[in-house]
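Only one structure is covered here, and it is reproduced in the block below.
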Amino acid sequence: MRVEYMSNSQLVNELLKKSMDASSYRSRVISNNIANYNTPGYKRHYVTFEETLKDNLNNINMKLTKEKHINNGFEFGQVKEEIDDSTSMRTDGNNVDIDNEMVNNSANALMYNALVTQVNNRLATTRYIINGR
């Protein structure tokens, strides 16, 4: 997604949304890996988003007209599914490590819950500002 001069609040909201989308997609991919643990020749899949986001943030050159503006052309990065072609752990060609997938699933669930908490806090703050109490 290309960002065209968003306020800081809009930028954070969009980043939270994109992060939740990535986490939700990652959950489905991990579940698919676990389901295919016994499938001969199956290669583990994984989701990239944070790496692309970090690269985009590190490579951005900002010329700001106002402090709260984001440079035209900034992109969060795409949520992509990749295939892990690394060596197989087993003789049947499958490279899914079930223990690693379970750990990844737990870490992803924690991340998603943290993102939901952030969204809820932002909504509560907005509601407080609107209602004045």
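Scheme for the structure tokens: letters A, B, ... for chains in order shown; per-chain residue numbers from 1; ligand numbers from 1 in order shown.
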Self-check item: 7 Å contact set for Arg26 in chain A, only C-alpha atoms, chain neighbours under 3 positions out, as a PyMOL selection string
Solution: chain A and resi 22-23+29-30+46-47
Quiz item: Residues at most 8 Å from range 92-108 of chain A, counting only C-alpha atoms, excluding those fewer than 6 positions away in the same chain, as a count of residues only?
Solution: 16
To test your reading of the structure, identify every residue in chain A that backbone DSSP assigns to alpha helix (DSSP H), and report it as a PDB file with N, CA and C atoms, in the first residue's frame.
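File written: part_25.pdb
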```pdb
ATOM      1  N   ASN A   8       0.155  11.044  11.540  1.00  0.00           N
ATOM      2  CA  ASN A   8       0.753   9.975  12.348  1.00  0.00           C
ATOM      3  C   ASN A   8      -0.294   8.973  12.810  1.00  0.00           C
ATOM      4  N   SER A   9      -1.458   9.467  13.220  1.00  0.00           N
ATOM      5  CA  SER A   9      -2.520   8.588  13.701  1.00  0.00           C
ATOM      6  C   SER A   9      -3.023   7.671  12.593  1.00  0.00           C
ATOM      7  N   GLN A  10      -3.224   8.226  11.411  1.00  0.00           N
ATOM      8  CA  GLN A  10      -3.664   7.412  10.274  1.00  0.00           C
ATOM      9  C   GLN A  10      -2.606   6.377   9.904  1.00  0.00           C
ATOM     10  N   LEU A  11      -1.361   6.786   9.961  1.00  0.00           N
ATOM     11  CA  LEU A  11      -0.261   5.883   9.626  1.00  0.00           C
ATOM     12  C   LEU A  11      -0.212   4.707  10.598  1.00  0.00           C
ATOM     13  N   VAL A  12      -0.346   4.993  11.889  1.00  0.00           N
ATOM     14  CA  VAL A  12      -0.329   3.932  12.898  1.00  0.00           C
ATOM     15  C   VAL A  12      -1.526   3.006  12.715  1.00  0.00           C
ATOM     16  N   ASN A  13      -2.698   3.567  12.460  1.00  0.00           N
ATOM     17  CA  ASN A  13      -3.886   2.734  12.240  1.00  0.00           C
ATOM     18  C   ASN A  13      -3.701   1.815  11.040  1.00  0.00           C
ATOM     19  N   GLU A  14      -3.163   2.341   9.964  1.00  0.00           N
ATOM     20  CA  GLU A  14      -2.954   1.540   8.758  1.00  0.00           C
ATOM     21  C   GLU A  14      -1.898   0.461   9.000  1.00  0.00           C
ATOM     22  N   LEU A  15      -0.864   0.809   9.746  1.00  0.00           N
ATOM     23  CA  LEU A  15       0.181  -0.165  10.067  1.00  0.00           C
ATOM     24  C   LEU A  15      -0.365  -1.283  10.954  1.00  0.00           C
ATOM     25  N   LEU A  16      -1.194  -0.944  11.925  1.00  0.00           N
ATOM     26  CA  LEU A  16      -1.818  -1.960  12.776  1.00  0.00           C
ATOM     27  C   LEU A  16      -2.714  -2.883  11.958  1.00  0.00           C
ATOM     28  N   LYS A  17      -3.485  -2.309  11.049  1.00  0.00           N
ATOM     29  CA  LYS A  17      -4.361  -3.115  10.191  1.00  0.00           C
ATOM     30  C   LYS A  17      -3.541  -4.070   9.332  1.00  0.00           C
ATOM     31  N   LYS A  18      -2.507  -3.552   8.707  1.00  0.00           N
ATOM     32  CA  LYS A  18      -1.671  -4.381   7.832  1.00  0.00           C
ATOM     33  C   LYS A  18      -0.971  -5.472   8.647  1.00  0.00           C
ATOM     34  N   SER A  19      -0.527  -5.139   9.844  1.00  0.00           N
ATOM     35  CA  SER A  19       0.136  -6.121  10.710  1.00  0.00           C
ATOM     36  C   SER A  19      -0.827  -7.215  11.149  1.00  0.00           C
ATOM     37  N   MET A  20      -2.069  -6.841  11.458  1.00  0.00           N
ATOM     38  CA  MET A  20      -3.068  -7.846  11.828  1.00  0.00           C
ATOM     39  C   MET A  20      -3.399  -8.752  10.649  1.00  0.00           C
ATOM     40  N   ASP A  21      -3.477  -8.168   9.458  1.00  0.00           N
ATOM     41  CA  ASP A  21      -3.705  -8.983   8.258  1.00  0.00           C
ATOM     42  C   ASP A  21      -2.575  -9.988   8.068  1.00  0.00           C
ATOM     43  N   ALA A  22      -1.337  -9.528   8.249  1.00  0.00           N
ATOM     44  CA  ALA A  22      -0.176 -10.414   8.085  1.00  0.00           C
ATOM     45  C   ALA A  22      -0.193 -11.521   9.129  1.00  0.00           C
ATOM     46  N   SER A  23      -0.519 -11.184  10.362  1.00  0.00           N
ATOM     47  CA  SER A  23      -0.553 -12.176  11.430  1.00  0.00           C
ATOM     48  C   SER A  23      -1.655 -13.206  11.195  1.00  0.00           C
ATOM     49  N   SER A  24      -2.799 -12.749  10.738  1.00  0.00           N
ATOM     50  CA  SER A  24      -3.900 -13.664  10.435  1.00  0.00           C
ATOM     51  C   SER A  24      -3.515 -14.615   9.305  1.00  0.00           C
ATOM     52  N   TYR A  25      -2.897 -14.078   8.276  1.00  0.00           N
ATOM     53  CA  TYR A  25      -2.452 -14.903   7.151  1.00  0.00           C
ATOM     54  C   TYR A  25      -1.375 -15.890   7.601  1.00  0.00           C
ATOM     55  N   ARG A  26      -0.460 -15.422   8.455  1.00  0.00           N
ATOM     56  CA  ARG A  26       0.598 -16.295   8.979  1.00  0.00           C
ATOM     57  C   ARG A  26      -0.004 -17.459   9.761  1.00  0.00           C
ATOM     58  N   SER A  27      -1.061 -17.206  10.503  1.00  0.00           N
ATOM     59  CA  SER A  27      -1.725 -18.265  11.259  1.00  0.00           C
ATOM     60  C   SER A  27      -2.254 -19.352  10.331  1.00  0.00           C
ATOM     61  N   ARG A  28      -2.862 -18.943   9.221  1.00  0.00           N
ATOM     62  CA  ARG A  28      -3.365 -19.927   8.250  1.00  0.00           C
ATOM     63  C   ARG A  28      -2.227 -20.723   7.616  1.00  0.00           C
ATOM     64  N   VAL A  29      -1.125 -20.060   7.314  1.00  0.00           N
ATOM     65  CA  VAL A  29       0.021 -20.741   6.699  1.00  0.00           C
ATOM     66  C   VAL A  29       0.637 -21.739   7.675  1.00  0.00           C
ATOM     67  N   ILE A  30       0.793 -21.345   8.936  1.00  0.00           N
ATOM     68  CA  ILE A  30       1.346 -22.253   9.947  1.00  0.00           C
ATOM     69  C   ILE A  30       0.422 -23.455  10.131  1.00  0.00           C
ATOM     70  N   SER A  31      -0.878 -23.211  10.174  1.00  0.00           N
ATOM     71  CA  SER A  31      -1.834 -24.321  10.303  1.00  0.00           C
ATOM     72  C   SER A  31      -1.727 -25.281   9.127  1.00  0.00           C
ATOM     73  N   ASN A  32      -1.521 -24.745   7.946  1.00  0.00           N
ATOM     74  CA  ASN A  32      -1.348 -25.575   6.760  1.00  0.00           C
ATOM     75  C   ASN A  32      -0.063 -26.402   6.859  1.00  0.00           C
ATOM     76  N   ASN A  33       1.009 -25.796   7.377  1.00  0.00           N
ATOM     77  CA  ASN A  33       2.259 -26.538   7.574  1.00  0.00           C
ATOM     78  C   ASN A  33       2.053 -27.700   8.541  1.00  0.00           C
ATOM     79  N   ILE A  34       1.349 -27.434   9.633  1.00  0.00           N
ATOM     80  CA  ILE A  34       1.097 -28.477  10.632  1.00  0.00           C
ATOM     81  C   ILE A  34       0.240 -29.587  10.025  1.00  0.00           C
ATOM     82  N   ALA A  35      -0.754 -29.197   9.238  1.00  0.00           N
ATOM     83  CA  ALA A  35      -1.628 -30.194   8.607  1.00  0.00           C
ATOM     84  C   ALA A  35      -0.874 -31.069   7.607  1.00  0.00           C
ATOM     85  N   GLU A  50       7.208  -8.358   8.020  1.00  0.00           N
ATOM     86  CA  GLU A  50       8.023  -7.515   8.883  1.00  0.00           C
ATOM     87  C   GLU A  50       9.375  -7.195   8.250  1.00  0.00           C
ATOM     88  N   GLU A  51       9.958  -8.169   7.552  1.00  0.00           N
ATOM     89  CA  GLU A  51      11.259  -7.951   6.920  1.00  0.00           C
ATOM     90  C   GLU A  51      11.157  -6.884   5.830  1.00  0.00           C
ATOM     91  N   THR A  52      10.110  -6.972   5.018  1.00  0.00           N
ATOM     92  CA  THR A  52       9.903  -5.999   3.945  1.00  0.00           C
ATOM     93  C   THR A  52       9.618  -4.622   4.527  1.00  0.00           C
ATOM     94  N   LEU A  53       8.810  -4.571   5.572  1.00  0.00           N
ATOM     95  CA  LEU A  53       8.504  -3.303   6.234  1.00  0.00           C
ATOM     96  C   LEU A  53       9.776  -2.666   6.776  1.00  0.00           C
ATOM     97  N   LYS A  54      10.602  -3.464   7.451  1.00  0.00           N
ATOM     98  CA  LYS A  54      11.848  -2.945   8.009  1.00  0.00           C
ATOM     99  C   LYS A  54      12.765  -2.416   6.908  1.00  0.00           C
ATOM    100  N   ASP A  55      12.884  -3.151   5.816  1.00  0.00           N
ATOM    101  CA  ASP A  55      13.711  -2.702   4.692  1.00  0.00           C
ATOM    102  C   ASP A  55      13.189  -1.387   4.125  1.00  0.00           C
ATOM    103  N   ASN A  56      11.876  -1.286   3.958  1.00  0.00           N
ATOM    104  CA  ASN A  56      11.289  -0.056   3.427  1.00  0.00           C
ATOM    105  C   ASN A  56      11.506   1.124   4.366  1.00  0.00           C
ATOM    106  N   LEU A  57      11.400   0.893   5.666  1.00  0.00           N
ATOM    107  CA  LEU A  57      11.631   1.970   6.631  1.00  0.00           C
ATOM    108  C   LEU A  57      13.093   2.399   6.653  1.00  0.00           C
ATOM    109  N   ASN A  58      14.005   1.444   6.509  1.00  0.00           N
ATOM    110  CA  ASN A  58      15.434   1.767   6.517  1.00  0.00           C
ATOM    111  C   ASN A  58      15.881   2.475   5.249  1.00  0.00           C
ATOM    112  N   ILE A  98       7.721 -29.872  13.290  1.00  0.00           N
ATOM    113  CA  ILE A  98       6.459 -29.667  14.006  1.00  0.00           C
ATOM    114  C   ILE A  98       6.652 -28.838  15.278  1.00  0.00           C
ATOM    115  N   ASP A  99       7.761 -29.054  15.986  1.00  0.00           N
ATOM    116  CA  ASP A  99       8.021 -28.279  17.207  1.00  0.00           C
ATOM    117  C   ASP A  99       8.210 -26.800  16.876  1.00  0.00           C
ATOM    118  N   ASN A 100       8.944 -26.526  15.822  1.00  0.00           N
ATOM    119  CA  ASN A 100       9.169 -25.149  15.399  1.00  0.00           C
ATOM    120  C   ASN A 100       7.859 -24.489  14.965  1.00  0.00           C
ATOM    121  N   GLU A 101       7.023 -25.229  14.268  1.00  0.00           N
ATOM    122  CA  GLU A 101       5.733 -24.686  13.824  1.00  0.00           C
ATOM    123  C   GLU A 101       4.831 -24.373  15.018  1.00  0.00           C
ATOM    124  N   MET A 102       4.854 -25.214  16.034  1.00  0.00           N
ATOM    125  CA  MET A 102       4.043 -24.963  17.228  1.00  0.00           C
ATOM    126  C   MET A 102       4.528 -23.704  17.956  1.00  0.00           C
ATOM    127  N   VAL A 103       5.852 -23.534  18.033  1.00  0.00           N
ATOM    128  CA  VAL A 103       6.414 -22.327  18.648  1.00  0.00           C
ATOM    129  C   VAL A 103       6.024 -21.098  17.827  1.00  0.00           C
ATOM    130  N   ASN A 104       6.160 -21.190  16.501  1.00  0.00           N
ATOM    131  CA  ASN A 104       5.779 -20.078  15.627  1.00  0.00           C
ATOM    132  C   ASN A 104       4.298 -19.741  15.773  1.00  0.00           C
ATOM    133  N   ASN A 105       3.470 -20.754  15.913  1.00  0.00           N
ATOM    134  CA  ASN A 105       2.033 -20.540  16.082  1.00  0.00           C
ATOM    135  C   ASN A 105       1.743 -19.798  17.388  1.00  0.00           C
ATOM    136  N   SER A 106       2.411 -20.191  18.461  1.00  0.00           N
ATOM    137  CA  SER A 106       2.218 -19.518  19.755  1.00  0.00           C
ATOM    138  C   SER A 106       2.708 -18.076  19.704  1.00  0.00           C
ATOM    139  N   ALA A 107       3.879 -17.862  19.113  1.00  0.00           N
ATOM    140  CA  ALA A 107       4.424 -16.508  19.001  1.00  0.00           C
ATOM    141  C   ALA A 107       3.512 -15.628  18.152  1.00  0.00           C
ATOM    142  N   ASN A 108       2.981 -16.184  17.084  1.00  0.00           N
ATOM    143  CA  ASN A 108       2.082 -15.432  16.218  1.00  0.00           C
ATOM    144  C   ASN A 108       0.780 -15.089  16.941  1.00  0.00           C
ATOM    145  N   ALA A 109       0.261 -16.012  17.736  1.00  0.00           N
ATOM    146  CA  ALA A 109      -0.961 -15.743  18.508  1.00  0.00           C
ATOM    147  C   ALA A 109      -0.725 -14.615  19.512  1.00  0.00           C
ATOM    148  N   LEU A 110       0.433 -14.619  20.161  1.00  0.00           N
ATOM    149  CA  LEU A 110       0.771 -13.535  21.093  1.00  0.00           C
ATOM    150  C   LEU A 110       0.862 -12.196  20.363  1.00  0.00           C
ATOM    151  N   MET A 111       1.483 -12.204  19.191  1.00  0.00           N
ATOM    152  CA  MET A 111       1.608 -10.977  18.403  1.00  0.00           C
ATOM    153  C   MET A 111       0.230 -10.457  17.995  1.00  0.00           C
ATOM    154  N   TYR A 112      -0.625 -11.342  17.534  1.00  0.00           N
ATOM    155  CA  TYR A 112      -1.969 -10.933  17.115  1.00  0.00           C
ATOM    156  C   TYR A 112      -2.736 -10.341  18.297  1.00  0.00           C
ATOM    157  N   ASN A 113      -2.655 -10.984  19.452  1.00  0.00           N
ATOM    158  CA  ASN A 113      -3.342 -10.472  20.645  1.00  0.00           C
ATOM    159  C   ASN A 113      -2.800  -9.110  21.056  1.00  0.00           C
ATOM    160  N   ALA A 114      -1.490  -8.908  20.931  1.00  0.00           N
ATOM    161  CA  ALA A 114      -0.896  -7.604  21.246  1.00  0.00           C
ATOM    162  C   ALA A 114      -1.396  -6.535  20.275  1.00  0.00           C
ATOM    163  N   LEU A 115      -1.513  -6.891  19.009  1.00  0.00           N
ATOM    164  CA  LEU A 115      -2.032  -5.950  18.012  1.00  0.00           C
ATOM    165  C   LEU A 115      -3.490  -5.598  18.292  1.00  0.00           C
ATOM    166  N   VAL A 116      -4.295  -6.592  18.656  1.00  0.00           N
ATOM    167  CA  VAL A 116      -5.702  -6.344  18.996  1.00  0.00           C
ATOM    168  C   VAL A 116      -5.793  -5.415  20.204  1.00  0.00           C
ATOM    169  N   THR A 117      -4.944  -5.628  21.188  1.00  0.00           N
ATOM    170  CA  THR A 117      -4.922  -4.757  22.365  1.00  0.00           C
ATOM    171  C   THR A 117      -4.594  -3.322  21.971  1.00  0.00           C
ATOM    172  N   GLN A 118      -3.626  -3.144  21.081  1.00  0.00           N
ATOM    173  CA  GLN A 118      -3.270  -1.801  20.619  1.00  0.00           C
ATOM    174  C   GLN A 118      -4.440  -1.134  19.890  1.00  0.00           C
ATOM    175  N   VAL A 119      -5.107  -1.875  19.030  1.00  0.00           N
ATOM    176  CA  VAL A 119      -6.262  -1.331  18.305  1.00  0.00           C
ATOM    177  C   VAL A 119      -7.359  -0.946  19.291  1.00  0.00           C
ATOM    178  N   ASN A 120      -7.642  -1.814  20.247  1.00  0.00           N
ATOM    179  CA  ASN A 120      -8.671  -1.518  21.252  1.00  0.00           C
ATOM    180  C   ASN A 120      -8.318  -0.282  22.069  1.00  0.00           C
ATOM    181  N   ASN A 121      -7.052  -0.140  22.445  1.00  0.00           N
ATOM    182  CA  ASN A 121      -6.617   1.038  23.203  1.00  0.00           C
ATOM    183  C   ASN A 121      -6.789   2.313  22.380  1.00  0.00           C
ATOM    184  N   ARG A 122      -6.450   2.246  21.104  1.00  0.00           N
ATOM    185  CA  ARG A 122      -6.596   3.417  20.233  1.00  0.00           C
ATOM    186  C   ARG A 122      -8.078   3.786  20.068  1.00  0.00           C
ATOM    187  N   LEU A 123      -8.927   2.776  19.917  1.00  0.00           N
ATOM    188  CA  LEU A 123     -10.362   3.042  19.790  1.00  0.00           C
ATOM    189  C   LEU A 123     -10.937   3.614  21.082  1.00  0.00           C
ATOM    190  N   ALA A 124     -10.486   3.098  22.218  1.00  0.00           N
ATOM    191  CA  ALA A 124     -10.953   3.614  23.508  1.00  0.00           C
ATOM    192  C   ALA A 124     -10.533   5.072  23.685  1.00  0.00           C
ATOM    193  N   THR A 125      -9.323   5.398  23.268  1.00  0.00           N
ATOM    194  CA  THR A 125      -8.845   6.778  23.354  1.00  0.00           C
ATOM    195  C   THR A 125      -9.674   7.687  22.454  1.00  0.00           C
ATOM    196  N   THR A 126      -9.945   7.235  21.254  1.00  0.00           N
ATOM    197  CA  THR A 126     -10.763   8.016  20.320  1.00  0.00           C
ATOM    198  C   THR A 126     -12.171   8.212  20.874  1.00  0.00           C
ATOM    199  N   ARG A 127     -12.741   7.158  21.423  1.00  0.00           N
ATOM    200  CA  ARG A 127     -14.078   7.239  22.019  1.00  0.00           C
ATOM    201  C   ARG A 127     -14.073   8.233  23.188  1.00  0.00           C
ATOM    202  N   TYR A 128     -13.018   8.206  23.994  1.00  0.00           N
ATOM    203  CA  TYR A 128     -12.898   9.126  25.124  1.00  0.00           C
ATOM    204  C   TYR A 128     -12.835  10.575  24.634  1.00  0.00           C
ATOM    205  N   ILE A 129     -12.074  10.804  23.583  1.00  0.00           N
ATOM    206  CA  ILE A 129     -11.937  12.157  23.042  1.00  0.00           C
ATOM    207  C   ILE A 129     -13.271  12.651  22.490  1.00  0.00           C
ATOM    208  N   ILE A 130     -13.973  11.792  21.768  1.00  0.00           N
ATOM    209  CA  ILE A 130     -15.253  12.182  21.167  1.00  0.00           C
ATOM    210  C   ILE A 130     -16.305  12.456  22.238  1.00  0.00           C
ATOM    211  N   ASN A 131     -16.389  11.580  23.226  1.00  0.00           N
ATOM    212  CA  ASN A 131     -17.402  11.719  24.278  1.00  0.00           C
ATOM    213  C   ASN A 131     -17.008  12.727  25.344  1.00  0.00           C
TER     214      ASN A 131
END
```
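Taking CA of Asn59 in chain A as the reference point, CA of Lys80 in chain A is found at 19.5 Å.
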